[in-house]
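Enquirer: I'd like to ask some things about the structure below.
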Amino acid sequence: MIELVDVYKVYKTQYYEVRALDGITMKIEDGEFIAIMGPSGSGKSTLLHLIGCLDKPTTGKVIIDGVETSRLRDNELTRLRRDMIGFIFQQYNLVSTLTALENVELPMIFRGISKDKRRKKALELLKKVGIEEVADRKPMEISGGQQQRVAIARSMANDPKILLCDEPTGNLDSKSGKQVMEIIKRMNCEKGVTVVLVTHDLSLAAYADRIVRIRDGKIETI
């Protein structure tokens, strides 16, 4: 499902350069749940952004479902992200002026799905994550745990094959964090969604099938 081949990501300034990723080669199988761990500045989020086609490598190949992403035009990358990849971040990134239901509907609007179909599916997704009762409330009217569940429902709106999670419980208390991780794990097990989780927390990494540790842009263990 995901393959990186000798991937480097270098950020240059006038005076120096930083190798955020330094020759990463790895594979993630279809339906696998992996956790990426490492200290701050190790390259975890950079790696996640490359897998999510939010950025391109300086050199090397990032291959998603058999497609080498560096060869795609911007509109093709946008389509791949929209149709194949769901994102869950520490900051929920909900649209504050929209209700929970409307936030979940948003990705389906971009795909041109009819209003009736997208509303029905959005309600089903909110029910699946256990918060259908807040469908008509805006983000500031619900708790952090509920906001993250809305973000999870939104990430699944277009039936992605890949779910990328960057510290998804970082702003939550331990009870809400556990509930969120159980929802993500259930999607992995029941839907076969490939999950890539970036975390500092070993208790969250325990949900994964495998832990990849990186330091200074290099893989330590895989």
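Residue numbers start at 1 in each chain; chains themselves are named A, B, ... in the order of the structure tokens; ligands are numbered from 1 in the order shown.
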So which residues of stretch 9-186 of chain A fall under alpha helix (DSSP H) by DSSP, listed as a VMD selection string?
Expert: chain A and resid 44 to 51 74 to 84 100 to 110 115 to 128 144 to 155 174 to 186
Enquirer: Would you please give, as a compact mmCIF listing (two decimals) with C-alpha atoms, in the first residue's frame, all residues of stretch 3-111 of chain A that DSSP assigns to strand (DSSP E) based on the backbone?
Expert:
```
# COMPACT_ATOMS: atom_id res chain seq x y z
CA GLU A 3 6.47 2.26 -0.04
CA LEU A 4 9.32 4.73 0.46
CA VAL A 5 12.57 4.17 -1.40
CA ASP A 6 15.73 6.04 -0.31
CA VAL A 7 13.75 9.15 0.61
CA TYR A 8 15.51 12.38 1.57
CA LYS A 9 13.86 15.62 2.60
CA VAL A 10 16.24 18.56 2.89
CA TYR A 11 15.28 22.06 3.96
CA LYS A 12 17.78 24.70 2.84
CA GLU A 17 20.57 22.85 5.41
CA VAL A 18 18.57 20.46 7.53
CA ARG A 19 18.06 16.82 6.57
CA ALA A 20 14.64 16.15 8.00
CA LEU A 21 14.68 12.67 6.40
CA ASP A 22 17.96 10.99 5.59
CA GLY A 23 17.55 7.98 3.31
CA ILE A 24 14.29 6.39 4.50
CA THR A 25 13.32 3.06 2.93
CA MET A 26 10.28 1.19 4.25
CA LYS A 27 7.08 -0.61 3.28
CA ILE A 28 3.65 -0.57 4.89
CA PHE A 33 -1.47 -0.48 11.53
CA ILE A 34 1.95 1.01 12.25
CA ALA A 35 3.14 3.53 14.83
CA ILE A 36 6.00 5.90 14.06
CA MET A 37 7.91 6.94 17.18
CA THR A 59 15.02 12.86 -3.67
CA GLY A 60 13.71 9.29 -3.55
CA LYS A 61 10.35 7.71 -4.25
CA VAL A 62 7.07 7.72 -2.34
CA ILE A 63 4.73 5.12 -3.80
CA ILE A 64 1.06 5.00 -2.76
CA VAL A 67 1.58 5.16 -7.88
CA GLU A 68 4.85 7.12 -7.61
CA ILE A 85 -6.20 9.32 2.34
CA GLY A 86 -7.88 10.45 5.55
CA PHE A 87 -6.13 12.73 8.03
CA ILE A 88 -6.54 13.09 11.80
CA PHE A 89 -4.40 15.72 13.54
```
Enquirer: So, with only C-alpha atoms as the atoms that count, which of A:Cys53, A:Ile211, A:Val180, A:Ala100 lies closest to A:Asn75?
Expert: A:Cys53
Enquirer: Find the distance between atom CA of A:Leu197 and atom CA of A:Ile142 and write it in Å to one decimal.
Expert: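 Interatomic distance, atom CA of A:Leu197 to atom CA of A:Ile142: 24.8 Å.
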Enquirer: Determine, counting only C-alpha atoms, which protein, DNA and RNA residues have an atom within 12 Å of an atom of A:Cys165; residues of the same chain fewer than 3 positions away are not included. Present the result as an mmCIF file with C-alpha atoms, in the first residue's frame.
Expert:
```cif
data_model
loop_
_atom_site.group_PDB
_atom_site.id
_atom_site.type_symbol
_atom_site.label_atom_id
_atom_site.label_comp_id
_atom_site.auth_asym_id
_atom_site.auth_seq_id
_atom_site.Cartn_x
_atom_site.Cartn_y
_atom_site.Cartn_z
ATOM 1 C CA PHE A 33 -1.467 -0.483 11.528
ATOM 2 C CA ILE A 34 1.949 1.014 12.247
ATOM 3 C CA ALA A 35 3.137 3.527 14.826
ATOM 4 C CA ILE A 36 6.000 5.904 14.062
ATOM 5 C CA LYS A 44 8.097 11.828 12.199
ATOM 6 C CA SER A 45 5.717 14.512 10.980
ATOM 7 C CA LEU A 47 7.489 11.426 7.026
ATOM 8 C CA LEU A 48 3.730 11.540 7.581
ATOM 9 C CA HIS A 49 3.387 14.589 5.327
ATOM 10 C CA ILE A 51 3.052 9.739 2.832
ATOM 11 C CA GLY A 52 -0.001 12.013 2.812
ATOM 12 C CA ILE A 85 -6.203 9.320 2.336
ATOM 13 C CA GLY A 86 -7.882 10.448 5.545
ATOM 14 C CA PHE A 87 -6.134 12.735 8.031
ATOM 15 C CA ILE A 88 -6.535 13.086 11.805
ATOM 16 C CA PHE A 89 -4.400 15.717 13.539
ATOM 17 C CA GLN A 90 -3.802 16.796 17.133
ATOM 18 C CA GLN A 91 -5.520 20.080 16.265
ATOM 19 C CA TYR A 92 -8.961 19.008 15.135
ATOM 20 C CA GLN A 148 -11.862 14.698 17.628
ATOM 21 C CA ALA A 151 -12.616 14.821 12.826
ATOM 22 C CA ILE A 152 -12.457 11.015 12.655
ATOM 23 C CA SER A 155 -11.633 11.585 7.741
ATOM 24 C CA ILE A 162 -5.155 5.039 4.301
ATOM 25 C CA PRO A 168 -4.516 12.359 17.489
ATOM 26 C CA THR A 169 -5.029 12.256 21.280
ATOM 27 C CA GLY A 170 -2.539 14.980 22.194
ATOM 28 C CA VAL A 180 -10.529 7.758 20.116
ATOM 29 C CA MET A 181 -7.832 5.094 19.731
ATOM 30 C CA ILE A 184 -9.288 4.112 15.021
ATOM 31 C CA LYS A 185 -8.363 0.502 15.812
ATOM 32 C CA THR A 194 -4.177 1.091 6.623
ATOM 33 C CA VAL A 195 -3.294 3.259 9.634
ATOM 34 C CA VAL A 196 -0.088 5.243 10.157
ATOM 35 C CA LEU A 197 0.079 6.793 13.636
ATOM 36 C CA VAL A 198 2.695 9.309 14.797
ATOM 37 C CA THR A 199 2.943 9.370 18.593
ATOM 38 C CA LEU A 204 -0.998 4.488 21.965
ATOM 39 C CA ALA A 205 1.696 2.691 19.978
ATOM 40 C CA ALA A 208 -0.315 -0.842 16.326
#
```
Enquirer: What is the atom CA of A:Thr97-atom CA of A:Pro139 distance in Å, reported with one decimal?
Expert: 8.1 Å
Enquirer: Would you write out, as CSV, a table of all residues in stretch 136-182 of chain A that have an atom no more than 8 Å from an atom of stretch 119-130 of chain A, listing for each the closest atom pair and the distance in Å to one decimal, considering only C-alpha atoms and ordering rows by chain and rising residue number?
Expert:
```
residue,atom,partner,partner_atom,distance
A:Arg149,CA,A:Val129,CA,6.1
A:Val150,CA,A:Leu126,CA,6.8
A:Ile152,CA,A:Val129,CA,7.8
A:Ala153,CA,A:Leu125,CA,5.3
A:Arg154,CA,A:Ala122,CA,7.8
A:Met156,CA,A:Leu125,CA,7.7
A:Ala157,CA,A:Ala122,CA,7.0
```
Enquirer: Those selected residues, please, written with C-alpha atoms and delivered as a short mmCIF file (atom, residue, chain, number, x, y, z; two decimals), in the first residue's frame.
Expert:
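Listing of part.cif after writing:
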```cif
data_model
loop_
_atom_site.label_atom_id
_atom_site.label_comp_id
_atom_site.auth_asym_id
_atom_site.auth_seq_id
_atom_site.Cartn_x
_atom_site.Cartn_y
_atom_site.Cartn_z
CA ARG A 149 -14.62 12.18 16.93
CA VAL A 150 -16.10 14.62 14.39
CA ILE A 152 -12.46 11.01 12.65
CA ALA A 153 -15.90 10.84 11.04
CA ARG A 154 -14.84 13.50 8.53
CA MET A 156 -13.71 8.53 6.80
CA ALA A 157 -16.26 10.39 4.66
#
```
Enquirer: Near A:Asp65, within 9 Å and counting only C-alpha atoms, which residues show up once chain neighbours fewer than 5 positions away are dropped, as number ranges by chain?
Expert: A: 1-3, 30
